[in-house]
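Listing of target21.cif, mmCIF, C-alpha atoms
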data_model
loop_
_atom_site.label_atom_id
_atom_site.label_comp_id
_atom_site.auth_asym_id
_atom_site.auth_seq_id
_atom_site.Cartn_x
_atom_site.Cartn_y
_atom_site.Cartn_z
CA MET F 82 108.40 126.73 236.32
CA SER F 83 111.72 126.13 234.59
CA ALA F 84 112.44 123.07 232.46
CA TYR F 85 115.08 122.07 235.02
CA ILE F 86 112.54 121.99 237.86
CA LEU F 87 110.03 120.06 235.74
CA ARG F 88 112.69 117.49 234.85
CA ARG F 89 113.85 117.19 238.46
CA LEU F 90 110.30 116.72 239.74
CA SER F 91 109.66 114.13 237.04
CA ILE F 92 112.72 112.10 238.00
CA THR F 93 111.84 112.36 241.69
CA GLY F 94 108.37 111.05 240.90
CA VAL F 95 109.85 108.22 238.84
CA ALA F 96 112.16 107.17 241.66
CA LEU F 97 109.45 107.15 244.31
CA LEU F 98 106.69 105.62 242.20
CA ALA F 99 109.09 102.98 240.92
CA ALA F 100 110.20 102.25 244.45
CA LEU F 101 106.58 101.49 245.27
CA THR F 102 106.47 98.57 242.87
CA GLN F 103 109.48 96.84 244.32
CA SER F 104 107.17 95.36 246.93
CA GLN F 105 105.42 93.41 244.19
CA SER F 106 108.43 91.11 244.01
CA THR F 107 107.97 90.34 247.69
CA PHE F 108 104.89 88.41 246.56
CA ALA F 109 107.25 85.72 245.30
CA GLU F 110 109.31 85.98 248.49
CA THR F 111 106.17 85.76 250.61
CA GLU F 112 105.02 82.64 248.80
CA ALA F 113 108.38 81.10 249.65
CA THR F 114 107.77 81.72 253.37
CA SER F 115 104.44 79.89 253.29
CA PRO F 116 104.20 76.23 254.36
CA LYS F 117 104.68 73.83 251.46
CA ASN F 118 101.09 72.67 251.13
CA ASP F 119 98.22 73.48 248.84
CA VAL F 120 97.25 76.99 249.92
CA ARG F 121 94.96 78.88 247.57
CA GLY F 122 95.38 82.27 249.20
CA PHE F 123 97.17 84.28 251.83
CA PHE F 124 97.49 87.71 253.36
CA ALA F 125 100.89 89.31 253.90
CA LEU F 126 102.12 92.64 255.19
CA PRO F 127 105.61 93.40 253.88
CA VAL F 128 107.24 96.55 255.24
CA GLU F 129 110.39 97.99 253.65
CA LEU F 130 112.64 100.89 254.58
CA ASP F 131 115.00 102.22 251.90
CA LEU F 132 117.85 104.57 252.79
CA ASP F 133 119.13 106.34 249.65
CA SER F 134 122.61 107.84 249.50
CA GLY F 135 124.64 109.77 246.96
CA ALA F 136 121.99 111.90 245.23
CA ALA F 137 123.10 115.38 244.26
CA ASN F 138 120.51 117.10 246.46
CA GLY F 139 120.84 114.86 249.54
CA ASP F 140 119.87 111.53 251.07
CA ALA F 141 116.34 110.18 251.47
CA ALA F 142 114.43 107.64 253.57
CA ILE F 143 111.43 105.81 252.07
CA LEU F 144 109.06 103.61 254.09
CA ARG F 145 106.66 101.33 252.21
CA ILE F 146 103.67 99.53 253.78
CA MET F 147 102.42 96.93 251.33
CA PRO F 148 99.46 94.66 252.11
CA VAL F 149 99.29 91.73 249.68
CA TYR F 150 96.25 89.46 249.54
CA THR F 151 94.73 86.89 247.22
CA ILE F 152 91.10 86.09 246.47
CA PRO F 153 90.14 82.68 245.02
CA VAL F 154 88.30 83.02 241.69
CA PHE F 155 86.55 79.96 240.27
CA GLU F 156 88.13 76.58 241.03
CA SER F 157 91.69 77.03 239.86
CA TRP F 158 92.25 80.79 239.56
CA ARG F 159 92.89 83.61 241.97
CA LEU F 160 93.20 87.39 242.02
CA VAL F 161 96.43 88.68 243.53
CA ASN F 162 96.10 92.21 244.91
CA LEU F 163 98.80 94.60 246.07
CA SER F 164 98.27 98.05 247.59
CA ILE F 165 101.23 100.23 248.49
CA LEU F 166 101.37 103.21 250.83
CA THR F 167 104.66 105.13 250.80
CA LEU F 168 105.96 107.63 253.33
CA ALA F 169 109.11 109.55 252.44
CA ASP F 170 111.60 111.94 253.97
CA ALA F 171 113.33 113.31 250.89
CA PRO F 172 115.31 116.35 249.76
CA GLY F 173 113.37 119.18 248.18
CA THR F 174 113.99 120.38 244.65
CA PRO F 175 116.63 123.13 244.21
CA ALA F 176 115.32 126.32 242.68
CA PHE F 177 118.14 126.50 240.11
CA PRO F 178 120.72 124.09 238.66
CA GLY F 179 123.65 123.79 241.05
CA ASP F 180 121.66 125.22 243.96
CA SER F 181 122.14 123.06 247.08
CA ASN F 182 119.69 125.03 249.22
CA SER F 183 116.80 122.58 249.29
CA GLN F 184 114.77 121.68 252.34
CA LYS F 185 113.69 118.21 253.38
CA THR F 186 110.18 117.20 252.38
CA THR F 187 108.33 114.67 254.53
CA GLY F 188 104.97 113.15 253.69
CA MET F 189 103.02 110.61 251.68
CA SER F 190 103.81 109.71 248.09
CA ASP F 191 101.43 108.54 245.35
CA PHE F 192 99.27 105.48 246.09
CA LEU F 193 99.79 102.43 243.88
CA HIS F 194 97.58 99.38 243.36
CA ALA F 195 98.09 96.33 241.17
CA SER F 196 95.92 93.27 240.57
CA PHE F 197 96.97 90.08 238.76
CA TYR F 198 94.70 87.32 237.48
CA THR F 199 96.71 84.14 237.96
CA PRO F 200 96.17 80.37 238.14
CA THR F 201 96.44 78.67 241.50
CA PRO F 202 100.02 77.31 241.77
CA ALA F 203 100.16 73.67 240.73
CA GLY F 204 103.84 73.25 239.87
CA SER F 205 107.17 75.03 239.65
CA PHE F 206 106.00 77.75 237.26
CA ASN F 207 103.27 80.35 237.77
CA TRP F 208 102.23 83.49 235.93
CA GLY F 209 99.73 86.32 236.04
CA ILE F 210 98.46 89.28 234.01
CA GLY F 211 96.64 92.33 235.22
CA VAL F 212 96.61 96.08 235.65
CA MET F 213 98.63 98.65 237.61
CA ALA F 214 97.30 102.08 238.58
CA SER F 215 98.64 105.02 240.58
CA LEU F 216 96.72 107.84 242.24
CA PRO F 217 98.13 111.35 242.89
CA THR F 218 97.90 111.26 246.69
CA ALA F 219 101.32 112.83 247.37
CA THR F 220 101.31 115.57 250.02
CA ASP F 221 104.08 117.47 248.21
CA ASP F 222 104.94 117.90 244.53
CA ALA F 223 108.44 116.49 245.12
CA LEU F 224 106.96 113.21 246.38
CA GLY F 225 104.68 112.32 243.48
CA SER F 226 103.77 112.76 239.85
CA GLY F 227 100.54 114.77 240.16
CA LYS F 228 98.99 112.36 237.65
CA TRP F 229 96.52 109.50 237.49
CA ALA F 230 98.27 106.68 235.63
CA VAL F 231 97.28 103.18 234.51
CA GLY F 232 98.62 100.35 232.36
CA PRO F 233 99.12 96.59 231.96
CA ALA F 234 101.15 94.47 234.38
CA PHE F 235 102.46 90.91 234.62
CA ARG F 236 104.22 88.52 236.99
CA VAL F 237 106.06 85.22 236.56
CA VAL F 238 107.41 82.93 239.30
CA TYR F 239 109.58 79.83 239.01
CA ARG F 240 110.72 77.56 241.82
CA THR F 241 113.30 74.81 241.60
CA GLY F 242 114.85 73.23 244.65
CA ALA F 243 116.22 75.91 246.94
CA TRP F 244 115.77 78.64 244.32
CA ASN F 245 112.77 80.96 244.05
CA LEU F 246 112.84 83.22 240.96
CA GLY F 247 110.38 85.90 239.94
CA LEU F 248 109.83 88.89 237.69
CA ILE F 249 107.12 91.53 237.88
CA GLY F 250 106.64 94.41 235.49
CA GLY F 251 104.23 97.05 234.37
CA GLN F 252 103.92 99.97 231.98
CA ARG F 253 101.95 103.05 233.05
CA TRP F 254 100.72 106.07 231.14
CA SER F 255 99.12 109.13 232.69
CA VAL F 256 95.45 109.59 231.84
CA ALA F 257 94.54 112.63 233.97
CA GLY F 258 95.96 115.04 236.51
CA SER F 259 97.67 118.38 236.78
CA SER F 260 98.41 120.00 233.42
CA ASN F 261 101.47 121.64 234.98
CA ARG F 262 103.18 118.30 235.64
CA SER F 263 105.10 116.03 233.29
CA ASP F 264 103.22 113.07 231.83
CA VAL F 265 103.91 109.57 233.17
CA ASN F 266 105.31 107.10 230.63
CA GLN F 267 107.26 104.54 232.61
CA LEU F 268 108.22 100.89 232.48
CA LEU F 269 108.84 99.23 235.85
CA LEU F 270 110.56 95.85 236.17
CA ARG F 271 111.45 94.06 239.41
CA GLY F 272 113.36 90.83 239.64
CA ALA F 273 113.33 88.53 242.64
CA ILE F 274 116.08 85.97 243.19
CA ARG F 275 115.96 84.01 246.42
CA ARG F 276 118.22 81.11 247.47
CA GLN F 277 117.52 79.12 250.60
CA LEU F 278 120.54 78.60 252.85
CA PRO F 279 121.06 76.36 255.91
CA ASN F 280 119.38 77.16 259.25
CA ASP F 281 116.55 79.24 257.71
CA TRP F 282 118.91 81.81 256.18
CA PHE F 283 118.47 82.95 252.58
CA PHE F 284 120.12 85.10 249.93
CA VAL F 285 117.89 87.62 248.16
CA SER F 286 118.37 89.99 245.23
CA ALA F 287 115.42 92.10 244.09
CA PRO F 288 116.68 94.85 241.76
CA LEU F 289 114.28 97.44 240.41
CA ILE F 290 114.74 98.53 236.81
CA VAL F 291 113.01 101.71 235.65
CA ALA F 292 112.69 103.17 232.16
CA ASN F 293 111.35 106.71 231.91
CA TRP F 294 110.57 106.89 228.19
CA ASP F 295 110.01 110.65 228.14
CA SER F 296 113.53 111.38 229.36
CA ASP F 297 115.79 112.78 226.65
CA ASP F 298 118.93 110.73 227.22
CA GLN F 299 118.77 109.19 230.71
CA GLU F 300 115.88 106.75 230.50
CA TRP F 301 117.22 103.90 232.63
CA LEU F 302 117.75 103.21 236.33
CA ILE F 303 119.47 99.83 236.79
CA PRO F 304 120.68 98.68 240.24
CA LEU F 305 122.92 95.73 241.07
CA GLY F 306 123.18 94.04 244.47
CA GLY F 307 121.42 91.87 247.02
CA GLY F 308 121.54 90.82 250.64
CA ILE F 309 120.82 88.21 253.25
CA GLY F 310 117.89 87.41 255.50
CA ARG F 311 116.39 84.79 257.76
CA LYS F 312 113.00 83.19 258.33
CA PHE F 313 111.62 82.94 261.86
CA PRO F 314 108.32 81.88 263.42
CA LEU F 315 106.12 84.35 265.26
CA GLY F 316 103.15 82.57 266.72
CA GLU F 317 101.82 80.12 264.14
CA TYR F 318 102.93 82.13 261.11
CA PRO F 319 106.27 82.37 259.27
CA TRP F 320 108.04 85.72 259.16
CA ALA F 321 111.21 86.81 257.40
CA TRP F 322 113.62 89.73 257.64
CA SER F 323 116.39 90.82 255.28
CA VAL F 324 119.06 93.48 254.78
CA GLN F 325 120.02 94.37 251.21
CA GLY F 326 122.28 96.82 249.40
CA TYR F 327 122.19 98.04 245.78
CA TYR F 328 124.43 100.20 243.62
CA ASN F 329 122.86 101.99 240.66
CA VAL F 330 125.19 101.03 237.81
CA VAL F 331 123.05 103.00 235.33
CA LYS F 332 121.05 105.99 236.54
CA PRO F 333 119.78 109.50 235.78
CA ASP F 334 122.07 112.19 237.18
CA PRO F 335 119.78 113.21 240.10
CA ALA F 336 119.22 109.61 241.30
CA PRO F 337 121.09 108.22 244.34
CA ASP F 338 124.21 106.07 243.98
CA TRP F 339 123.38 103.57 246.73
CA VAL F 340 120.30 102.11 248.39
CA VAL F 341 120.28 100.14 251.66
CA ARG F 342 117.03 98.25 252.32
CA PHE F 343 115.62 96.75 255.52
CA ALA F 344 112.59 94.48 255.02
CA VAL F 345 110.19 92.44 257.19
CA ILE F 346 107.54 90.10 255.76
CA ALA F 347 104.76 88.17 257.51
CA ALA F 348 102.89 85.51 255.49
CA ILE F 349 99.47 84.31 256.68
CA PRO F 350 98.13 81.44 254.50
CA PHE F 351 94.42 80.71 254.37
CA GLY F 352 91.87 78.84 252.30
CA LYS F 353 93.53 75.41 252.28
CA LYS F 354 91.88 73.03 249.84
#
Go ahead and express the file in the form of C-alpha cells.
Amino acid sequence: MSAYILRRLSITGVALLAALTQSQSTFAETEATSPKNDVRGFFALPVELDLDSGAANGDAAILRIMPVYTIPVFESWRLVNLSILTLADAPGTPAFPGDSNSQKTTGMSDFLHASFYTPTPAGSFNWGIGVMASLPTATDDALGSGKWAVGPAFRVVYRTGAWNLGLIGGQRWSVAGSSNRSDVNQLLLRGAIRRQLPNDWFFVSAPLIVANWDSDDQEWLIPLGGGIGRKFPLGEYPWAWSVQGYYNVVKPDPAPDWVVRFAVIAAIPFGKK
C-alpha cells in the first residue's frame, strides 16, 4: 500500500473518529435541557447527522447515535458515560493521487466510549476526568483506524445566566490492532457554547478541534461556526433540535470545507434527591 493511501486512510479515520467525540459536548447541552432542580442523573439519546461538503474525493453523510447516561457514585459523585455508534456514507479512497475514481463506502465506523468521574453539580462550575477508548469496529478500512486506542479525557462545564459553556477533550494512543494501519496519536477537543434566547430558542456553537500529531505538516482541523435550535416538550420530557453550520478554517487537504449538522436531543432526568 502506497504512502499516499496510508496517509489518506489515516486522515479519514481521524475525521470520523473525531466526529464521534463531538457528541460529548451535547452532554453540556443536554444538562441545559433538564429541569432546573437537583437531579443527580439522567439518560439522553442525542442523534446527529453531519453532511460534509468540499472534500477532494466527494461529500459524505455521517449519522451518530449517542446514548449518554450517568450513574450516582457515593453521595456527591457520579460517573458520566457516553457510547457512540457511527454510521457513514463516505467516499472511498482513490488508488493514486489525483484519481477521482473512488466509490462510496457505506457502513459502521469505529465504536467510541468515554467515562468521566465528576462531582454532582452544586453550582455554576462542574468538571470531570476519565478515560476515552475506541474499538476497531469499522466495516470498511476507509471508515475507521483499524486500531484499539485509549487515553485520558476531561470535561468542564460553566453556567451563568442564559449562557451554558463547556469543553471536552481527550488524547488517544493506539495500543493494538492491524500492523498495516497507521498508529493513532490524536488530540480531540470540543467546545460547547449555548445561549438561551426568547421563546425556547437558543444559539449553539460546538466546534470540534482535532490534532493528528503523526501528520507531517497538517496536524490541525479547526472549524468555525454555529447555529440555532429550539427546545420543545414531548410527553413529560424536554427535547431540543438544532441546525448548525461550520467552515473548516484550518484543515488537512483531504478534509471537507463545510459541515452542516442536524441534531435532536432528548433528556430524561432521574434520581432526584
Selection result for the PyMOL selection byres ((chain F and resi 291) around 9) on this file, as an mmCIF file with C-alpha atoms, in the frame of the given file:
data_model
loop_
_atom_site.group_PDB
_atom_site.id
_atom_site.type_symbol
_atom_site.label_atom_id
_atom_site.label_comp_id
_atom_site.auth_asym_id
_atom_site.auth_seq_id
_atom_site.Cartn_x
_atom_site.Cartn_y
_atom_site.Cartn_z
ATOM 1 C CA VAL F 95 109.850 108.220 238.840
ATOM 2 C CA ALA F 96 112.160 107.170 241.660
ATOM 3 C CA ALA F 99 109.090 102.980 240.920
ATOM 4 C CA GLN F 267 107.260 104.540 232.610
ATOM 5 C CA LEU F 268 108.220 100.890 232.480
ATOM 6 C CA LEU F 269 108.840 99.230 235.850
ATOM 7 C CA LEU F 270 110.560 95.850 236.170
ATOM 8 C CA ARG F 271 111.450 94.060 239.410
ATOM 9 C CA LEU F 289 114.280 97.440 240.410
ATOM 10 C CA ILE F 290 114.740 98.530 236.810
ATOM 11 C CA ALA F 292 112.690 103.170 232.160
ATOM 12 C CA ASN F 293 111.350 106.710 231.910
ATOM 13 C CA GLU F 300 115.880 106.750 230.500
ATOM 14 C CA TRP F 301 117.220 103.900 232.630
ATOM 15 C CA LEU F 302 117.750 103.210 236.330
ATOM 16 C CA ILE F 303 119.470 99.830 236.790
#
Any chance you could tabulate, as CSV, the residues of segment 129-227 of chain F at most 9 Å from segment 327-345 of chain F with each one's nearest atom pair and distance in Å to one decimal, using all atoms listed in the file, in chain and rising number order?
residue,atom,partner,partner_atom,distance
F:Glu129,CA,F:Ala344,CA,4.4
F:Leu130,CA,F:Phe343,CA,5.2
F:Asp131,CA,F:Arg342,CA,4.5
F:Leu132,CA,F:Val341,CA,5.2
F:Asp133,CA,F:Val340,CA,4.6
F:Ser134,CA,F:Trp339,CA,5.1
F:Gly135,CA,F:Pro337,CA,4.7
F:Ala136,CA,F:Pro337,CA,3.9
F:Ala137,CA,F:Pro335,CA,5.7
F:Asn138,CA,F:Pro335,CA,7.5
F:Gly139,CA,F:Pro337,CA,8.4
F:Asp140,CA,F:Pro337,CA,7.6
F:Ala141,CA,F:Pro337,CA,8.8
Q | Spatial neighbours of Leu246 of chain F, max dist 7 Å, all atoms listed in the file, sep filter under 6 positions, as a PyMOL selection string | A | chain F and resi 238-240+273-275
Q | Residues within 6 Å of (98.2, 103.6, 243.7), file coords, only C-alpha atoms, listed as a ChimeraX atom specification | A | /F:192-194,214-216
Q. Which residues fall under the PyMOL selection byres ((chain F and resi 310) around 9) in this file, as a count of residues only?
A. 15
**Q.** Option closest in space to Thr220 of chain F, from F:Thr201, F:Thr187, F:Thr151, F:Asn245 [counting only C-alpha atoms]
**A.**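 Residue with the minimum atom-to-atom distance to Thr220 of chain F: F:Thr187.
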Q: Kindly give the distance, in Å, that separates atom CA of Asp297 of chain F and atom CA of Pro217 of chain F, rounded to a single decimal.
A: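 So the two atoms, atom CA of Asp297 of chain F and atom CA of Pro217 of chain F, lie 24.0 Å apart.
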Q) From the list F:Ala171, F:Val161, F:Ala223, F:Val265, which residue is nearest Ile143 of chain F when using all atoms listed in the file? A)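 Closest residue, counting all atoms listed in the file: F:Ala171.
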(Q) Applying 12 Å and only C-alpha atoms, which residues near Arg159 of chain F remain after dropping the ones on its own chain fewer than 2 positions away? List them as a ChimeraX atom specification. (A) /F:120-123,150-157,161-162,196-202,207-211,352
Restricting it to C-alpha atoms, dump the selection as a PDB file, in the coordinates of the input.
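Final output, part.pdb:
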ATOM      1  CA  VAL F 120      97.250  76.990 249.920  1.00  0.00           C
ATOM      2  CA  ARG F 121      94.960  78.880 247.570  1.00  0.00           C
ATOM      3  CA  GLY F 122      95.380  82.270 249.200  1.00  0.00           C
ATOM      4  CA  PHE F 123      97.170  84.280 251.830  1.00  0.00           C
ATOM      5  CA  TYR F 150      96.250  89.460 249.540  1.00  0.00           C
ATOM      6  CA  THR F 151      94.730  86.890 247.220  1.00  0.00           C
ATOM      7  CA  ILE F 152      91.100  86.090 246.470  1.00  0.00           C
ATOM      8  CA  PRO F 153      90.140  82.680 245.020  1.00  0.00           C
ATOM      9  CA  VAL F 154      88.300  83.020 241.690  1.00  0.00           C
ATOM     10  CA  PHE F 155      86.550  79.960 240.270  1.00  0.00           C
ATOM     11  CA  GLU F 156      88.130  76.580 241.030  1.00  0.00           C
ATOM     12  CA  SER F 157      91.690  77.030 239.860  1.00  0.00           C
ATOM     13  CA  VAL F 161      96.430  88.680 243.530  1.00  0.00           C
ATOM     14  CA  ASN F 162      96.100  92.210 244.910  1.00  0.00           C
ATOM     15  CA  SER F 196      95.920  93.270 240.570  1.00  0.00           C
ATOM     16  CA  PHE F 197      96.970  90.080 238.760  1.00  0.00           C
ATOM     17  CA  TYR F 198      94.700  87.320 237.480  1.00  0.00           C
ATOM     18  CA  THR F 199      96.710  84.140 237.960  1.00  0.00           C
ATOM     19  CA  PRO F 200      96.170  80.370 238.140  1.00  0.00           C
ATOM     20  CA  THR F 201      96.440  78.670 241.500  1.00  0.00           C
ATOM     21  CA  PRO F 202     100.020  77.310 241.770  1.00  0.00           C
ATOM     22  CA  ASN F 207     103.270  80.350 237.770  1.00  0.00           C
ATOM     23  CA  TRP F 208     102.230  83.490 235.930  1.00  0.00           C
ATOM     24  CA  GLY F 209      99.730  86.320 236.040  1.00  0.00           C
ATOM     25  CA  ILE F 210      98.460  89.280 234.010  1.00  0.00           C
ATOM     26  CA  GLY F 211      96.640  92.330 235.220  1.00  0.00           C
ATOM     27  CA  GLY F 352      91.870  78.840 252.300  1.00  0.00           C
TER      28      GLY F 352
END
Q) So, counting all atoms listed in the file, which residue among F:Asp221, F:Gly258, F:Met213, F:Gly204 is closest to Leu168 of chain F? A) F:Asp221
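Remark: for Gly225 of chain F, the closest of the candidate residues F:Arg276, F:Lys185, F:Arg262, F:Arg145 is F:Arg262 (distances computed over all atoms listed in the file).
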(Q) Considering only C-alpha atoms, can you say which of F:Val212, F:Met147, F:Leu248, F:Ala219 comes closest to Gly232 of chain F? (A) F:Val212
Is it possible to add N, CA and C atoms to segment 296-321 of chain F and hand it back as a PDB file, keeping the file's coordinate frame?
ATOM      1  N   SER F 296     112.247 110.741 229.089  1.00  0.00           N
ATOM      2  CA  SER F 296     113.530 111.380 229.360  1.00  0.00           C
ATOM      3  C   SER F 296     114.344 111.475 228.068  1.00  0.00           C
ATOM      4  N   ASP F 297     115.070 112.541 227.906  1.00  0.00           N
ATOM      5  CA  ASP F 297     115.790 112.780 226.650  1.00  0.00           C
ATOM      6  C   ASP F 297     116.909 111.770 226.429  1.00  0.00           C
ATOM      7  N   ASP F 298     117.766 111.590 227.428  1.00  0.00           N
ATOM      8  CA  ASP F 298     118.930 110.730 227.220  1.00  0.00           C
ATOM      9  C   ASP F 298     119.318 109.922 228.457  1.00  0.00           C
ATOM     10  N   GLN F 299     118.477 109.924 229.473  1.00  0.00           N
ATOM     11  CA  GLN F 299     118.770 109.190 230.710  1.00  0.00           C
ATOM     12  C   GLN F 299     117.536 108.402 231.133  1.00  0.00           C
ATOM     13  N   GLU F 300     117.129 107.473 230.267  1.00  0.00           N
ATOM     14  CA  GLU F 300     115.880 106.750 230.500  1.00  0.00           C
ATOM     15  C   GLU F 300     115.966 105.725 231.628  1.00  0.00           C
ATOM     16  N   TRP F 301     117.130 105.120 231.836  1.00  0.00           N
ATOM     17  CA  TRP F 301     117.220 103.900 232.630  1.00  0.00           C
ATOM     18  C   TRP F 301     117.780 104.124 234.028  1.00  0.00           C
ATOM     19  N   LEU F 302     117.201 103.371 234.977  1.00  0.00           N
ATOM     20  CA  LEU F 302     117.750 103.210 236.330  1.00  0.00           C
ATOM     21  C   LEU F 302     117.926 101.716 236.551  1.00  0.00           C
ATOM     22  N   ILE F 303     119.176 101.265 236.682  1.00  0.00           N
ATOM     23  CA  ILE F 303     119.470  99.830 236.790  1.00  0.00           C
ATOM     24  C   ILE F 303     120.379  99.595 238.001  1.00  0.00           C
ATOM     25  N   PRO F 304     119.856  98.970 239.062  1.00  0.00           N
ATOM     26  CA  PRO F 304     120.680  98.680 240.240  1.00  0.00           C
ATOM     27  C   PRO F 304     121.238  97.262 240.190  1.00  0.00           C
ATOM     28  N   LEU F 305     122.300  97.046 240.954  1.00  0.00           N
ATOM     29  CA  LEU F 305     122.920  95.730 241.070  1.00  0.00           C
ATOM     30  C   LEU F 305     123.263  95.500 242.531  1.00  0.00           C
ATOM     31  N   GLY F 306     122.867  94.341 243.068  1.00  0.00           N
ATOM     32  CA  GLY F 306     123.180  94.040 244.470  1.00  0.00           C
ATOM     33  C   GLY F 306     122.293  92.954 245.024  1.00  0.00           C
ATOM     34  N   GLY F 307     122.208  92.886 246.332  1.00  0.00           N
ATOM     35  CA  GLY F 307     121.420  91.870 247.020  1.00  0.00           C
ATOM     36  C   GLY F 307     121.715  91.911 248.499  1.00  0.00           C
ATOM     37  N   GLY F 308     121.328  90.853 249.205  1.00  0.00           N
ATOM     38  CA  GLY F 308     121.540  90.820 250.640  1.00  0.00           C
ATOM     39  C   GLY F 308     121.193  89.475 251.228  1.00  0.00           C
ATOM     40  N   ILE F 309     121.048  89.441 252.528  1.00  0.00           N
ATOM     41  CA  ILE F 309     120.820  88.210 253.250  1.00  0.00           C
ATOM     42  C   ILE F 309     119.703  88.408 254.262  1.00  0.00           C
ATOM     43  N   GLY F 310     118.977  87.334 254.546  1.00  0.00           N
ATOM     44  CA  GLY F 310     117.890  87.410 255.500  1.00  0.00           C
ATOM     45  C   GLY F 310     117.673  86.070 256.171  1.00  0.00           C
ATOM     46  N   ARG F 311     116.674  86.034 257.035  1.00  0.00           N
ATOM     47  CA  ARG F 311     116.390  84.790 257.760  1.00  0.00           C
ATOM     48  C   ARG F 311     114.900  84.691 258.057  1.00  0.00           C
ATOM     49  N   LYS F 312     114.378  83.483 257.948  1.00  0.00           N
ATOM     50  CA  LYS F 312     113.000  83.190 258.330  1.00  0.00           C
ATOM     51  C   LYS F 312     112.951  82.884 259.821  1.00  0.00           C
ATOM     52  N   PHE F 313     111.806  83.248 260.443  1.00  0.00           N
ATOM     53  CA  PHE F 313     111.620  82.940 261.860  1.00  0.00           C
ATOM     54  C   PHE F 313     110.133  82.839 262.149  1.00  0.00           C
ATOM     55  N   PRO F 314     109.741  81.994 263.098  1.00  0.00           N
ATOM     56  CA  PRO F 314     108.320  81.880 263.420  1.00  0.00           C
ATOM     57  C   PRO F 314     107.914  82.938 264.444  1.00  0.00           C
ATOM     58  N   LEU F 315     106.716  83.451 264.283  1.00  0.00           N
ATOM     59  CA  LEU F 315     106.120  84.350 265.260  1.00  0.00           C
ATOM     60  C   LEU F 315     104.675  83.892 265.436  1.00  0.00           C
ATOM     61  N   GLY F 316     104.425  83.241 266.558  1.00  0.00           N
ATOM     62  CA  GLY F 316     103.150  82.570 266.720  1.00  0.00           C
ATOM     63  C   GLY F 316     103.076  81.382 265.785  1.00  0.00           C
ATOM     64  N   GLU F 317     101.974  81.249 265.060  1.00  0.00           N
ATOM     65  CA  GLU F 317     101.820  80.120 264.140  1.00  0.00           C
ATOM     66  C   GLU F 317     102.177  80.472 262.700  1.00  0.00           C
ATOM     67  N   TYR F 318     102.671  81.693 262.471  1.00  0.00           N
ATOM     68  CA  TYR F 318     102.930  82.130 261.110  1.00  0.00           C
ATOM     69  C   TYR F 318     104.411  82.341 260.859  1.00  0.00           C
ATOM     70  N   PRO F 319     104.866  82.118 259.615  1.00  0.00           N
ATOM     71  CA  PRO F 319     106.270  82.370 259.270  1.00  0.00           C
ATOM     72  C   PRO F 319     106.516  83.833 258.939  1.00  0.00           C
ATOM     73  N   TRP F 320     107.596  84.372 259.459  1.00  0.00           N
ATOM     74  CA  TRP F 320     108.040  85.720 259.160  1.00  0.00           C
ATOM     75  C   TRP F 320     109.419  85.640 258.516  1.00  0.00           C
ATOM     76  N   ALA F 321     109.862  86.744 257.947  1.00  0.00           N
ATOM     77  CA  ALA F 321     111.210  86.810 257.400  1.00  0.00           C
ATOM     78  C   ALA F 321     111.702  88.249 257.457  1.00  0.00           C
TER      79      ALA F 321
END
